[in-house]
file final11.pdb (PDB, C-alpha atoms)
ATOM      1  CA  MET P   1     -65.388  40.107 144.306
ATOM      2  CA  THR P   2     -69.137  39.857 144.458
ATOM      3  CA  LEU P   3     -69.680  42.823 142.137
ATOM      4  CA  ASP P   4     -67.429  41.320 139.463
ATOM      5  CA  GLU P   5     -69.354  38.063 139.704
ATOM      6  CA  ILE P   6     -72.673  39.896 139.434
ATOM      7  CA  LEU P   7     -71.477  41.663 136.282
ATOM      8  CA  VAL P   8     -70.580  38.296 134.730
ATOM      9  CA  GLU P   9     -74.057  37.004 135.566
ATOM     10  CA  ILE P  10     -75.687  40.136 134.110
ATOM     11  CA  LYS P  11     -73.780  39.718 130.851
ATOM     12  CA  GLU P  12     -75.013  36.135 130.557
ATOM     13  CA  ALA P  13     -78.624  37.007 131.394
ATOM     14  CA  GLU P  14     -81.287  38.163 128.964
ATOM     15  CA  ASN P  15     -84.490  38.625 130.974
ATOM     16  CA  ILE P  16     -84.024  40.451 134.288
ATOM     17  CA  VAL P  17     -86.617  41.560 136.815
ATOM     18  CA  VAL P  18     -86.046  44.250 139.448
ATOM     19  CA  MET P  19     -88.140  44.652 142.597
ATOM     20  CA  ALA P  20     -88.133  46.415 145.969
ATOM     21  CA  HIS P  21     -90.053  46.458 149.242
ATOM     22  CA  GLU P  22     -93.798  46.972 149.582
ATOM     23  CA  ALA P  23     -95.080  50.561 149.866
ATOM     24  CA  PRO P  24     -91.953  51.754 148.037
ATOM     25  CA  ASP P  25     -90.295  54.994 149.121
ATOM     26  CA  GLY P  26     -87.960  57.252 147.170
ATOM     27  CA  ASP P  27     -84.919  55.036 147.703
ATOM     28  CA  ALA P  28     -86.722  51.855 146.643
ATOM     29  CA  ILE P  29     -88.237  53.546 143.584
ATOM     30  CA  GLY P  30     -85.156  55.508 142.565
ATOM     31  CA  SER P  31     -82.845  52.518 142.996
ATOM     32  CA  SER P  32     -85.176  50.218 141.057
ATOM     33  CA  PHE P  33     -85.609  52.621 138.151
ATOM     34  CA  ALA P  34     -81.868  53.340 138.041
ATOM     35  CA  MET P  35     -81.010  49.636 137.984
ATOM     36  CA  CYS P  36     -83.561  48.932 135.250
ATOM     37  CA  LEU P  37     -82.284  51.805 133.086
ATOM     38  CA  ALA P  38     -78.686  50.640 133.538
ATOM     39  CA  LEU P  39     -79.653  47.111 132.493
ATOM     40  CA  ARG P  40     -81.613  48.439 129.516
ATOM     41  CA  ASN P  41     -78.521  50.381 128.446
ATOM     42  CA  MET P  42     -76.694  47.043 128.510
ATOM     43  CA  ASP P  43     -79.301  45.684 126.060
ATOM     44  CA  LYS P  44     -81.036  43.541 128.650
ATOM     45  CA  ASN P  45     -84.780  42.867 128.679
ATOM     46  CA  ALA P  46     -85.319  44.398 132.107
ATOM     47  CA  TYR P  47     -88.477  45.380 133.987
ATOM     48  CA  VAL P  48     -89.414  46.735 137.399
ATOM     49  CA  LEU P  49     -92.104  44.868 139.332
ATOM     50  CA  MET P  50     -93.773  47.544 141.423
ATOM     51  CA  LYS P  51     -97.168  48.858 142.482
ATOM     52  CA  ASP P  52     -98.510  51.746 144.547
ATOM     53  CA  ILE P  53     -95.976  54.323 143.375
ATOM     54  CA  PRO P  54     -96.644  57.760 144.930
ATOM     55  CA  GLU P  55     -97.587  60.472 142.437
ATOM     56  CA  ASN P  56     -94.773  62.785 143.475
ATOM     57  CA  PHE P  57     -92.261  60.404 141.879
ATOM     58  CA  SER P  58     -93.918  60.596 138.466
ATOM     59  CA  TYR P  59     -91.035  62.790 137.231
ATOM     60  CA  LEU P  60     -88.611  59.860 137.369
ATOM     61  CA  PRO P  61     -87.364  58.376 134.099
ATOM     62  CA  GLY P  62     -87.826  54.618 133.827
ATOM     63  CA  LYS P  63     -91.468  54.410 134.869
ATOM     64  CA  GLU P  64     -92.312  53.110 131.391
ATOM     65  CA  PHE P  65     -90.673  49.808 132.361
ATOM     66  CA  VAL P  66     -92.833  49.254 135.451
ATOM     67  CA  ILE P  67     -95.095  46.184 135.415
ATOM     68  CA  THR P  68     -97.301  44.541 138.043
ATOM     69  CA  GLU P  69     -97.102  41.026 136.595
ATOM     70  CA  SER P  70     -95.160  39.210 133.904
ATOM     71  CA  GLU P  71     -95.737  36.433 131.401
ATOM     72  CA  ILE P  72     -92.141  35.364 132.057
ATOM     73  CA  GLU P  73     -92.315  32.961 134.998
ATOM     74  CA  THR P  74     -88.601  32.184 135.261
ATOM     75  CA  PHE P  75     -86.279  35.165 134.787
ATOM     76  CA  ASP P  76     -82.575  34.718 134.167
ATOM     77  CA  MET P  77     -81.943  37.097 137.054
ATOM     78  CA  ALA P  78     -83.952  38.784 139.795
ATOM     79  CA  ILE P  79     -82.580  41.814 141.645
ATOM     80  CA  ALA P  80     -84.095  42.882 144.972
ATOM     81  CA  LEU P  81     -83.339  46.412 146.131
ATOM     82  CA  ASP P  82     -83.694  48.011 149.573
ATOM     83  CA  CYS P  83     -85.058  44.782 151.126
ATOM     84  CA  PRO P  84     -83.590  43.210 154.266
ATOM     85  CA  ASN P  85     -85.535  39.996 153.705
ATOM     86  CA  LEU P  86     -87.979  38.329 151.335
ATOM     87  CA  LYS P  87     -90.942  39.171 153.565
ATOM     88  CA  ARG P  88     -90.613  42.853 152.651
ATOM     89  CA  ILE P  89     -91.255  42.114 148.987
ATOM     90  CA  PRO P  90     -94.967  42.168 148.006
ATOM     91  CA  ALA P  91     -96.265  38.590 148.304
ATOM     92  CA  GLU P  92     -97.325  38.325 144.668
ATOM     93  CA  PHE P  93     -93.814  39.261 143.506
ATOM     94  CA  ILE P  94     -91.882  36.794 145.678
ATOM     95  CA  PRO P  95     -92.284  33.824 143.258
ATOM     96  CA  TYR P  96     -90.558  35.834 140.514
ATOM     97  CA  PHE P  97     -87.552  36.230 142.802
ATOM     98  CA  GLU P  98     -87.535  32.665 144.071
ATOM     99  CA  ASN P  99     -87.926  31.158 140.572
ATOM    100  CA  ALA P 100     -85.148  33.248 139.001
ATOM    101  CA  LYS P 101     -82.022  31.396 137.932
ATOM    102  CA  VAL P 102     -79.789  33.959 139.661
ATOM    103  CA  LYS P 103     -80.842  36.006 142.679
ATOM    104  CA  VAL P 104     -79.142  39.299 143.627
ATOM    105  CA  GLU P 105     -79.806  41.870 146.334
ATOM    106  CA  PHE P 106     -78.527  45.359 147.162
ATOM    107  CA  ASP P 107     -79.447  46.695 150.597
ATOM    108  CA  HIS P 108     -78.418  48.958 153.490
ATOM    109  CA  HIS P 109     -80.588  47.842 156.418
ATOM    110  CA  ASN P 110     -79.019  46.979 159.774
ATOM    111  CA  ARG P 111     -80.179  43.387 159.691
ATOM    112  CA  ASN P 112     -80.233  41.498 156.424
ATOM    113  CA  ASP P 113     -81.062  37.840 155.811
ATOM    114  CA  MET P 114     -78.568  37.612 152.918
ATOM    115  CA  PHE P 115     -81.291  35.905 150.870
ATOM    116  CA  GLY P 116     -79.693  36.223 147.433
ATOM    117  CA  ASP P 117     -77.070  34.186 145.611
ATOM    118  CA  TYR P 118     -75.136  37.445 145.611
ATOM    119  CA  ASN P 119     -75.607  39.979 148.409
ATOM    120  CA  VAL P 120     -74.274  43.532 148.281
ATOM    121  CA  VAL P 121     -75.089  44.900 151.723
ATOM    122  CA  ASN P 122     -73.597  48.004 153.327
ATOM    123  CA  HIS P 123     -75.166  48.752 156.707
ATOM    124  CA  VAL P 124     -73.584  52.200 157.007
ATOM    125  CA  SER P 125     -74.698  53.485 153.623
ATOM    126  CA  PRO P 126     -77.493  56.071 153.987
ATOM    127  CA  ALA P 127     -79.345  54.702 150.954
ATOM    128  CA  THR P 128     -79.422  51.726 148.626
ATOM    129  CA  ALA P 129     -79.143  54.266 145.818
ATOM    130  CA  GLN P 130     -75.763  55.335 147.188
ATOM    131  CA  ILE P 131     -74.605  51.706 147.131
ATOM    132  CA  LEU P 132     -75.589  51.608 143.459
ATOM    133  CA  VAL P 133     -73.591  54.776 142.771
ATOM    134  CA  SER P 134     -70.373  53.185 144.009
ATOM    135  CA  SER P 135     -71.263  49.804 142.451
ATOM    136  CA  PHE P 136     -71.901  51.308 139.018
ATOM    137  CA  GLU P 137     -68.683  53.311 139.260
ATOM    138  CA  TYR P 138     -66.672  50.219 140.198
ATOM    139  CA  LEU P 139     -68.161  48.166 137.367
ATOM    140  CA  GLY P 140     -67.762  50.921 134.793
ATOM    141  CA  ILE P 141     -71.527  51.202 134.231
ATOM    142  CA  GLU P 142     -72.248  54.695 132.937
ATOM    143  CA  ILE P 143     -74.439  56.834 135.184
ATOM    144  CA  THR P 144     -76.430  58.749 132.594
ATOM    145  CA  LYS P 145     -78.463  61.844 133.375
ATOM    146  CA  ASP P 146     -81.611  59.718 133.727
ATOM    147  CA  ILE P 147     -79.929  57.134 135.940
ATOM    148  CA  GLY P 148     -78.355  59.909 137.998
ATOM    149  CA  THR P 149     -81.753  61.547 138.541
ATOM    150  CA  CYS P 150     -83.131  58.282 139.908
ATOM    151  CA  LEU P 151     -80.123  57.681 142.174
ATOM    152  CA  LEU P 152     -80.172  61.255 143.444
ATOM    153  CA  THR P 153     -83.826  60.805 144.383
ATOM    154  CA  GLY P 154     -82.908  57.767 146.469
ATOM    155  CA  VAL P 155     -80.091  59.559 148.265
ATOM    156  CA  ILE P 156     -82.147  62.705 148.941
ATOM    157  CA  THR P 157     -85.192  60.875 150.300
ATOM    158  CA  ASP P 158     -83.373  58.383 152.514
ATOM    159  CA  THR P 159     -81.230  61.131 154.068
ATOM    160  CA  ASN P 160     -84.393  63.222 154.559
ATOM    161  CA  GLY P 161     -83.057  65.933 152.300
ATOM    162  CA  PHE P 162     -79.445  65.599 153.588
ATOM    163  CA  ARG P 163     -80.727  66.374 157.102
ATOM    164  CA  ASN P 164     -80.349  62.993 158.791
ATOM    165  CA  SER P 165     -77.197  62.002 160.655
ATOM    166  CA  ASN P 166     -76.718  59.087 158.239
ATOM    167  CA  VAL P 167     -75.660  61.459 155.436
ATOM    168  CA  THR P 168     -72.037  60.985 154.348
ATOM    169  CA  VAL P 169     -69.384  62.868 152.429
ATOM    170  CA  GLU P 170     -70.134  60.588 149.472
ATOM    171  CA  SER P 171     -73.761  61.752 149.529
ATOM    172  CA  PHE P 172     -72.721  65.357 148.927
ATOM    173  CA  GLU P 173     -70.037  64.351 146.436
ATOM    174  CA  PHE P 174     -72.652  62.565 144.343
ATOM    175  CA  ALA P 175     -75.022  65.543 144.586
ATOM    176  CA  SER P 176     -72.182  67.776 143.407
ATOM    177  CA  TRP P 177     -71.423  65.426 140.523
ATOM    178  CA  ALA P 178     -75.121  65.345 139.589
ATOM    179  CA  LEU P 179     -75.218  69.147 139.437
ATOM    180  CA  SER P 180     -72.133  69.187 137.226
ATOM    181  CA  LYS P 181     -73.896  66.814 134.804
ATOM    182  CA  GLY P 182     -76.898  69.103 134.492
ATOM    183  CA  ILE P 183     -79.254  67.190 136.761
ATOM    184  CA  ASN P 184     -81.765  69.589 138.290
ATOM    185  CA  LEU P 185     -81.122  68.955 141.976
ATOM    186  CA  SER P 186     -83.548  71.628 143.164
ATOM    187  CA  LYS P 187     -86.362  70.114 141.072
ATOM    188  CA  VAL P 188     -85.625  66.617 142.360
ATOM    189  CA  TYR P 189     -85.592  67.927 145.941
ATOM    190  CA  LYS P 190     -88.851  69.818 145.475
ATOM    191  CA  GLU P 191     -90.708  66.952 143.800
ATOM    192  CA  ALA P 192     -89.428  64.246 146.151
ATOM    193  CA  MET P 193     -89.490  66.121 149.454
ATOM    194  CA  LEU P 194     -91.754  69.167 149.326
ATOM    195  CA  THR P 195     -94.594  68.514 146.886
ATOM    196  CA  MET P 196     -97.760  66.995 148.311
ATOM    197  CA  THR P 197    -101.302  66.356 147.181
ATOM    198  CA  LYS P 198    -104.223  68.009 148.944
ATOM    199  CA  GLU P 199    -105.074  64.574 150.366
ATOM    200  CA  LYS P 200    -101.576  64.230 151.821
ATOM    201  CA  PHE P 201    -101.870  67.675 153.397
ATOM    202  CA  GLU P 202    -105.195  66.731 154.991
ATOM    203  CA  ALA P 203    -103.652  63.499 156.308
ATOM    204  CA  GLN P 204    -100.797  65.412 157.918
ATOM    205  CA  LYS P 205    -103.224  67.923 159.419
ATOM    206  CA  LEU P 206    -105.316  65.122 160.938
ATOM    207  CA  ALA P 207    -102.201  63.406 162.330
ATOM    208  CA  MET P 208    -100.985  66.654 163.858
ATOM    209  CA  ASN P 209    -104.336  67.256 165.556
ATOM    210  CA  ARG P 210    -104.102  63.789 167.133
ATOM    211  CA  LEU P 211    -100.514  64.141 168.306
ATOM    212  CA  GLU P 212     -99.928  63.054 171.915
ATOM    213  CA  PHE P 213     -96.808  63.132 174.083
ATOM    214  CA  PHE P 214     -95.567  60.551 176.558
ATOM    215  CA  ALA P 215     -92.526  59.962 178.786
ATOM    216  CA  ASP P 216     -92.143  63.632 179.710
ATOM    217  CA  GLY P 217     -92.417  64.709 176.109
ATOM    218  CA  LYS P 218     -89.737  62.334 174.805
ATOM    219  CA  ILE P 219     -92.223  60.257 172.812
ATOM    220  CA  ALA P 220     -94.625  61.696 170.229
ATOM    221  CA  PHE P 221     -97.508  59.509 169.067
ATOM    222  CA  THR P 222    -100.213  59.744 166.434
ATOM    223  CA  TYR P 223    -102.302  57.353 164.358
ATOM    224  CA  MET P 224    -104.631  56.904 161.395
ATOM    225  CA  THR P 225    -107.385  54.334 160.789
ATOM    226  CA  LYS P 226    -108.659  52.692 157.603
ATOM    227  CA  GLU P 227    -111.771  54.836 157.971
ATOM    228  CA  ASP P 228    -109.582  57.946 157.941
ATOM    229  CA  SER P 229    -107.816  56.769 154.789
ATOM    230  CA  LEU P 230    -111.115  56.143 153.018
ATOM    231  CA  LYS P 231    -112.627  59.427 154.163
ATOM    232  CA  LEU P 232    -109.610  61.405 152.958
ATOM    233  CA  ASN P 233    -109.291  59.302 149.788
ATOM    234  CA  LEU P 234    -105.611  58.635 150.507
ATOM    235  CA  LYS P 235    -103.430  57.111 147.813
ATOM    236  CA  ALA P 236     -99.954  55.597 147.772
ATOM    237  CA  GLY P 237     -97.473  57.848 149.524
ATOM    238  CA  ASP P 238    -100.019  60.136 151.171
ATOM    239  CA  LYS P 239     -99.022  58.915 154.649
ATOM    240  CA  ASP P 240     -95.319  59.413 153.974
ATOM    241  CA  GLY P 241     -93.683  62.002 156.199
ATOM    242  CA  ILE P 242     -96.270  61.906 158.985
ATOM    243  CA  VAL P 243     -93.881  60.219 161.407
ATOM    244  CA  GLU P 244     -91.363  63.020 160.802
ATOM    245  CA  ILE P 245     -93.784  65.587 162.261
ATOM    246  CA  GLY P 246     -93.344  64.360 165.821
ATOM    247  CA  LYS P 247     -89.605  63.946 165.365
ATOM    248  CA  SER P 248     -89.202  67.631 164.570
ATOM    249  CA  ILE P 249     -90.690  68.791 167.886
ATOM    250  CA  GLU P 250     -88.260  70.013 170.547
ATOM    251  CA  GLY P 251     -87.598  67.451 173.279
ATOM    252  CA  VAL P 252     -88.931  64.480 171.310
ATOM    253  CA  GLU P 253     -86.542  61.530 171.013
ATOM    254  CA  VAL P 254     -88.920  58.975 169.475
ATOM    255  CA  SER P 255     -91.781  59.656 167.081
ATOM    256  CA  ILE P 256     -94.380  56.916 166.537
ATOM    257  CA  PHE P 257     -97.029  56.747 163.826
ATOM    258  CA  LEU P 258     -99.531  53.883 163.639
ATOM    259  CA  TYR P 259    -101.724  53.413 160.599
ATOM    260  CA  GLU P 260    -104.309  50.704 160.107
ATOM    261  CA  LYS P 261    -103.844  48.052 157.427
ATOM    262  CA  GLU P 262    -106.061  45.138 156.380
ATOM    263  CA  LYS P 263    -104.911  43.316 159.510
ATOM    264  CA  GLY P 264    -103.800  45.351 162.485
ATOM    265  CA  TYR P 265    -101.543  48.378 162.317
ATOM    266  CA  LYS P 266     -98.226  49.298 160.765
ATOM    267  CA  ALA P 267     -95.902  51.090 163.185
ATOM    268  CA  SER P 268     -93.459  53.625 161.783
ATOM    269  CA  LEU P 269     -90.801  54.943 164.163
ATOM    270  CA  ARG P 270     -88.117  57.643 164.010
ATOM    271  CA  SER P 271     -85.564  58.730 166.604
ATOM    272  CA  ASN P 272     -83.416  61.828 166.959
ATOM    273  CA  GLU P 273     -80.278  61.107 168.961
ATOM    274  CA  TYR P 274     -79.714  57.817 170.725
ATOM    275  CA  VAL P 275     -82.661  55.391 170.620
ATOM    276  CA  ASN P 276     -82.229  52.467 168.233
ATOM    277  CA  VAL P 277     -85.779  52.170 166.918
ATOM    278  CA  SER P 278     -84.781  49.109 164.919
ATOM    279  CA  GLU P 279     -84.361  47.293 168.232
ATOM    280  CA  VAL P 280     -87.773  48.536 169.363
ATOM    281  CA  CYS P 281     -89.430  47.252 166.182
ATOM    282  CA  LEU P 282     -87.543  43.965 166.372
ATOM    283  CA  MET P 283     -89.653  43.087 169.412
ATOM    284  CA  PHE P 284     -92.687  43.073 167.089
ATOM    285  CA  GLY P 285     -91.056  41.195 164.228
ATOM    286  CA  GLY P 286     -89.996  44.333 162.376
ATOM    287  CA  GLY P 287     -86.772  46.243 161.961
ATOM    288  CA  GLY P 288     -85.025  48.750 159.744
ATOM    289  CA  HIS P 289     -82.388  51.328 160.586
ATOM    290  CA  ILE P 290     -81.111  52.726 163.867
ATOM    291  CA  LYS P 291     -83.133  55.931 163.510
ATOM    292  CA  ALA P 292     -85.881  54.791 161.145
ATOM    293  CA  ALA P 293     -87.751  51.509 161.444
ATOM    294  CA  GLY P 294     -91.138  49.861 161.305
ATOM    295  CA  ALA P 295     -93.174  46.805 162.254
ATOM    296  CA  ASN P 296     -96.544  45.194 161.633
ATOM    297  CA  MET P 297     -98.680  44.890 164.777
ATOM    298  CA  ASN P 298    -101.654  42.560 164.399
ATOM    299  CA  MET P 299    -103.659  43.932 167.307
ATOM    300  CA  PRO P 300    -106.305  46.600 168.026
ATOM    301  CA  LEU P 301    -105.273  50.258 168.128
ATOM    302  CA  GLU P 302    -105.182  50.776 171.892
ATOM    303  CA  GLU P 303    -103.287  47.532 172.434
ATOM    304  CA  ALA P 304    -100.768  48.392 169.717
ATOM    305  CA  LYS P 305    -100.391  51.927 171.058
ATOM    306  CA  LYS P 306     -99.702  50.741 174.595
ATOM    307  CA  ALA P 307     -97.294  48.023 173.469
ATOM    308  CA  ILE P 308     -95.148  50.185 171.194
ATOM    309  CA  ILE P 309     -94.976  53.126 173.630
ATOM    310  CA  THR P 310     -94.084  50.782 176.523
ATOM    311  CA  GLU P 311     -91.291  49.200 174.476
ATOM    312  CA  ALA P 312     -89.926  52.525 173.219
ATOM    313  CA  THR P 313     -89.886  53.912 176.769
ATOM    314  CA  LYS P 314     -87.408  51.203 177.806
ATOM    315  CA  TYR P 315     -84.778  52.745 175.535
ATOM    316  CA  LEU P 316     -85.073  56.311 176.825
ATOM    317  CA  LYS P 317     -82.461  57.925 179.038
TER
END
call {"tool": "encode", "arguments": {"input": "final11.pdb", "output": "structure tokens"}}
result
Amino acid sequence: MTLDEILVEIKEAENIVVMAHEAPDGDAIGSSFAMCLALRNMDKNAYVLMKDIPENFSYLPGKEFVITESEIETFDMAIALDCPNLKRIPAEFIPYFENAKVKVEFDHHNRNDMFGDYNVVNHVSPATAQILVSSFEYLGIEITKDIGTCLLTGVITDTNGFRNSNVTVESFEFASWALSKGINLSKVYKEAMLTMTKEKFEAQKLAMNRLEFFADGKIAFTYMTKEDSLKLNLKAGDKDGIVEIGKSIEGVEVSIFLYEKEKGYKASLRSNEYVNVSEVCLMFGGGGHIKAAGANMNMPLEEAKKAIITEATKYLK
């Protein structure tokens, strides 16, 4: 089995690097930190390559092993987490993955390029962190209190606080286990889901004031420019959760949030019941999950707005 083979490779490796997708969310961060801590407990020289970590995840153990570059050019093993393809990894980190002697990935996205030597992909899992829970259990890797805190963060954030339809029985079973081990679930929930900086609050307020509705109220749309980000002094993670605002409004099936990047706009989409937003984003070279997806749109705001709304409308009933 793939997991058994991965364990053999881990035992033979000394230097291991862990990485996740750009603009990391709670699942990417929690999974990466958990994997690094597990490897460290196995006496491996393991690090997490990551940048732009939101402040509200500063409570997570394992952050002391985060680096943004390494003197080691060829690692014995590279592990990519929560990435459906290499393009989602920050460009400056990709060579570390490609040059590694052994390449491994753990992921739960609908479409995955299977870009590792070993690929552990479960499309129905609500979070990569939940895949790690079952993987660690199968391999007999101890889930310590610190590792459990990181994994719980991944499960909580990618199920939107156990509110999304992707949540499973195993999600609650792990939360129950975490409580029994003394992990402060309420603190993790508060820090990961409810705590926000003043800048993040101002960003959400601005996005709410710009909210528009289309297709008889079935589509909610808002946006943010680079100028807005500079004016509000936004940092990593301060735009997180904005797309959920439209989703929570009665009658809305698809919520769309566009925010300007160095080139064009990033589209973030969420759906409530039946629209597969991954299919919508696929038309623009993106993807993700059935009810949560994104894409990069290298075009002006009004053009991007019209294109994404037109495409999303095709999927409405």
call {"tool": "atom_distance", "arguments": {"input": "final11.pdb", "atom1": "CA of Thr313 in chain P", "atom2": "CA of Pro24 in chain P"}}
result
28.9 Å
call {"tool": "resolve_selection", "arguments": {"input": "final11.pdb", "expression": "the PyMOL selection byres ((chain P and resi 150) around 8)", "output": "list in words"}}
result
Ile29, Gly30, Ser31, Phe33, Ala34, Leu60, Pro61, Asp146, Ile147, Gly148, Thr149, Leu151, Leu152, Thr153 and Gly154 of chain P
call {"tool": "resolve_selection", "arguments": {"input": "final11.pdb", "expression": "the PyMOL selection byres ((chain P and resi 111-120) around 8)", "output": "list in words"}}
result
Thr2, Leu3, Ile6, Cys83, Pro84, Asn85, Leu86, Val102, Lys103, Val104, Glu105, Phe106, Asp107, His109, Asn110, Val121, Asn122, His123, Gly287 and Gly288 of chain P
call {"tool": "atom_distance", "arguments": {"input": "final11.pdb", "atom1": "CA of Asp43 in chain P", "atom2": "CA of Thr144 in chain P"}}
result
14.9 Å
call {"tool": "residues_around", "arguments": {"input": "final11.pdb", "residues": "range 296-309 of chain P", "least_positions_apart": "6", "cutoff": "6 Å", "atoms": "only C-alpha atoms", "output": "compact mmCIF listing (two decimals) with C-alpha atoms, keeping the file's coordinate frame"}}
result
# COMPACT_ATOMS: atom_id res chain seq x y z
CA LYS P 263 -104.91 43.32 159.51
CA GLY P 264 -103.80 45.35 162.49
CA TYR P 265 -101.54 48.38 162.32
CA LYS P 266 -98.23 49.30 160.76
call {"tool": "resolve_selection", "arguments": {"input": "final11.pdb", "expression": "the PyMOL selection byres ((chain P and resi 190-207) around 10)", "output": "mmCIF file with C-alpha atoms, in the frame of the given file"}}
result
data_model
loop_
_atom_site.group_PDB
_atom_site.id
_atom_site.type_symbol
_atom_site.label_atom_id
_atom_site.label_comp_id
_atom_site.auth_asym_id
_atom_site.auth_seq_id
_atom_site.Cartn_x
_atom_site.Cartn_y
_atom_site.Cartn_z
ATOM 1 C CA ASP P 25 -90.295 54.994 149.121
ATOM 2 C CA GLY P 26 -87.960 57.252 147.170
ATOM 3 C CA PRO P 54 -96.644 57.760 144.930
ATOM 4 C CA GLU P 55 -97.587 60.472 142.437
ATOM 5 C CA ASN P 56 -94.773 62.785 143.475
ATOM 6 C CA PHE P 57 -92.261 60.404 141.879
ATOM 7 C CA SER P 58 -93.918 60.596 138.466
ATOM 8 C CA TYR P 59 -91.035 62.790 137.231
ATOM 9 C CA LEU P 60 -88.611 59.860 137.369
ATOM 10 C CA THR P 153 -83.826 60.805 144.383
ATOM 11 C CA GLY P 154 -82.908 57.767 146.469
ATOM 12 C CA ILE P 156 -82.147 62.705 148.941
ATOM 13 C CA THR P 157 -85.192 60.875 150.300
ATOM 14 C CA ASN P 160 -84.393 63.222 154.559
ATOM 15 C CA GLY P 161 -83.057 65.933 152.300
ATOM 16 C CA LEU P 185 -81.122 68.955 141.976
ATOM 17 C CA SER P 186 -83.548 71.628 143.164
ATOM 18 C CA LYS P 187 -86.362 70.114 141.072
ATOM 19 C CA VAL P 188 -85.625 66.617 142.360
ATOM 20 C CA TYR P 189 -85.592 67.927 145.941
ATOM 21 C CA MET P 208 -100.985 66.654 163.858
ATOM 22 C CA ASN P 209 -104.336 67.256 165.556
ATOM 23 C CA ARG P 210 -104.102 63.789 167.133
ATOM 24 C CA LEU P 211 -100.514 64.141 168.306
ATOM 25 C CA GLU P 212 -99.928 63.054 171.915
ATOM 26 C CA PHE P 221 -97.508 59.509 169.067
ATOM 27 C CA THR P 222 -100.213 59.744 166.434
ATOM 28 C CA TYR P 223 -102.302 57.353 164.358
ATOM 29 C CA MET P 224 -104.631 56.904 161.395
ATOM 30 C CA ASP P 228 -109.582 57.946 157.941
ATOM 31 C CA SER P 229 -107.816 56.769 154.789
ATOM 32 C CA LYS P 231 -112.627 59.427 154.163
ATOM 33 C CA LEU P 232 -109.610 61.405 152.958
ATOM 34 C CA ASN P 233 -109.291 59.302 149.788
ATOM 35 C CA LEU P 234 -105.611 58.635 150.507
ATOM 36 C CA LYS P 235 -103.430 57.111 147.813
ATOM 37 C CA ALA P 236 -99.954 55.597 147.772
ATOM 38 C CA GLY P 237 -97.473 57.848 149.524
ATOM 39 C CA ASP P 238 -100.019 60.136 151.171
ATOM 40 C CA LYS P 239 -99.022 58.915 154.649
ATOM 41 C CA ASP P 240 -95.319 59.413 153.974
ATOM 42 C CA GLY P 241 -93.683 62.002 156.199
ATOM 43 C CA ILE P 242 -96.270 61.906 158.985
ATOM 44 C CA VAL P 243 -93.881 60.219 161.407
ATOM 45 C CA ILE P 245 -93.784 65.587 162.261
ATOM 46 C CA GLY P 246 -93.344 64.360 165.821
ATOM 47 C CA PHE P 257 -97.029 56.747 163.826
ATOM 48 C CA LEU P 258 -99.531 53.883 163.639
#
call {"tool": "atom_distance", "arguments": {"input": "final11.pdb", "atom1": "CA of Ser176 in chain P", "atom2": "CA of Ala46 in chain P"}}
result
29.1 Å
call {"tool": "axis_aligned_box", "arguments": {"input": "final11.pdb", "around": "range 89-93 of chain P", "padding_each_side": "3 Å", "output": "JSON"}}
result
{"center_x": -94.3, "center_y": 40.2, "center_z": 146.2, "size_x": 12.1, "size_y": 9.8, "size_z": 11.5}
call {"tool": "closest_residue", "arguments": {"input": "final11.pdb", "among": "P:Ala20, P:Met283, P:Val48, P:Cys36", "to": "Ala91 in chain P", "atoms": "all atoms listed in the file"}}
result
P:Ala20
call {"tool": "closest_residue", "arguments": {"input": "final11.pdb", "among": "P:Leu316, P:Ala267, P:Ile249, P:Glu311", "to": "Ala293 in chain P", "atoms": "all atoms listed in the file"}}
result
P:Ala267
call {"tool": "residues_around", "arguments": {"input": "final11.pdb", "residues": "Ile10 in chain P", "least_positions_apart": "6", "cutoff": "10 Å", "atoms": "only C-alpha atoms", "output": "list in words"}}
result
Asp4, Ile16, Leu39, Met42, Lys44, Asp76, Met77 and Val102 of chain P
call {"tool": "residues_around", "arguments": {"input": "final11.pdb", "residues": "Gly294 in chain P", "least_positions_apart": "4", "cutoff": "9 Å", "atoms": "only C-alpha atoms", "output": "PyMOL selection string"}}
result
chain P and resi 266-270+277-278+280-282+286-289
call {"tool": "residues_around", "arguments": {"input": "final11.pdb", "residues": "Asn45 in chain P", "least_positions_apart": "3", "cutoff": "7 Å", "atoms": "all atoms listed in the file", "output": "PyMOL selection string"}}
result
chain P and resi 14-16+40
call {"tool": "closest_residue", "arguments": {"input": "final11.pdb", "among": "P:Asn41, P:Asn164, P:Thr159, P:Ser171", "to": "Ile141 in chain P", "atoms": "only C-alpha atoms"}}
result
P:Asn41
call {"tool": "decode", "arguments": {"input": "final11.pdb", "residues": "range 240-254 of chain P", "atoms": "C-alpha atoms", "output": "PDB file, in the first residue's frame"}}
result
ATOM      1  CA  ASP P 240     -10.205  35.206   4.293  1.00  0.00           C
ATOM      2  CA  GLY P 241     -13.900  34.696   4.939  1.00  0.00           C
ATOM      3  CA  ILE P 242     -15.144  37.519   2.715  1.00  0.00           C
ATOM      4  CA  VAL P 243     -16.595  35.120   0.154  1.00  0.00           C
ATOM      5  CA  GLU P 244     -18.589  33.431   2.935  1.00  0.00           C
ATOM      6  CA  ILE P 245     -20.527  36.658   3.579  1.00  0.00           C
ATOM      7  CA  GLY P 246     -22.531  36.399   0.372  1.00  0.00           C
ATOM      8  CA  LYS P 247     -23.029  32.668   0.820  1.00  0.00           C
ATOM      9  CA  SER P 248     -24.807  33.210   4.123  1.00  0.00           C
ATOM     10  CA  ILE P 249     -27.527  35.418   2.613  1.00  0.00           C
ATOM     11  CA  GLU P 250     -30.940  33.831   2.055  1.00  0.00           C
ATOM     12  CA  GLY P 251     -31.585  32.869  -1.568  1.00  0.00           C
ATOM     13  CA  VAL P 252     -27.934  33.020  -2.629  1.00  0.00           C
ATOM     14  CA  GLU P 253     -26.610  29.881  -4.330  1.00  0.00           C
ATOM     15  CA  VAL P 254     -23.227  31.202  -5.496  1.00  0.00           C
TER      16      VAL P 254
END
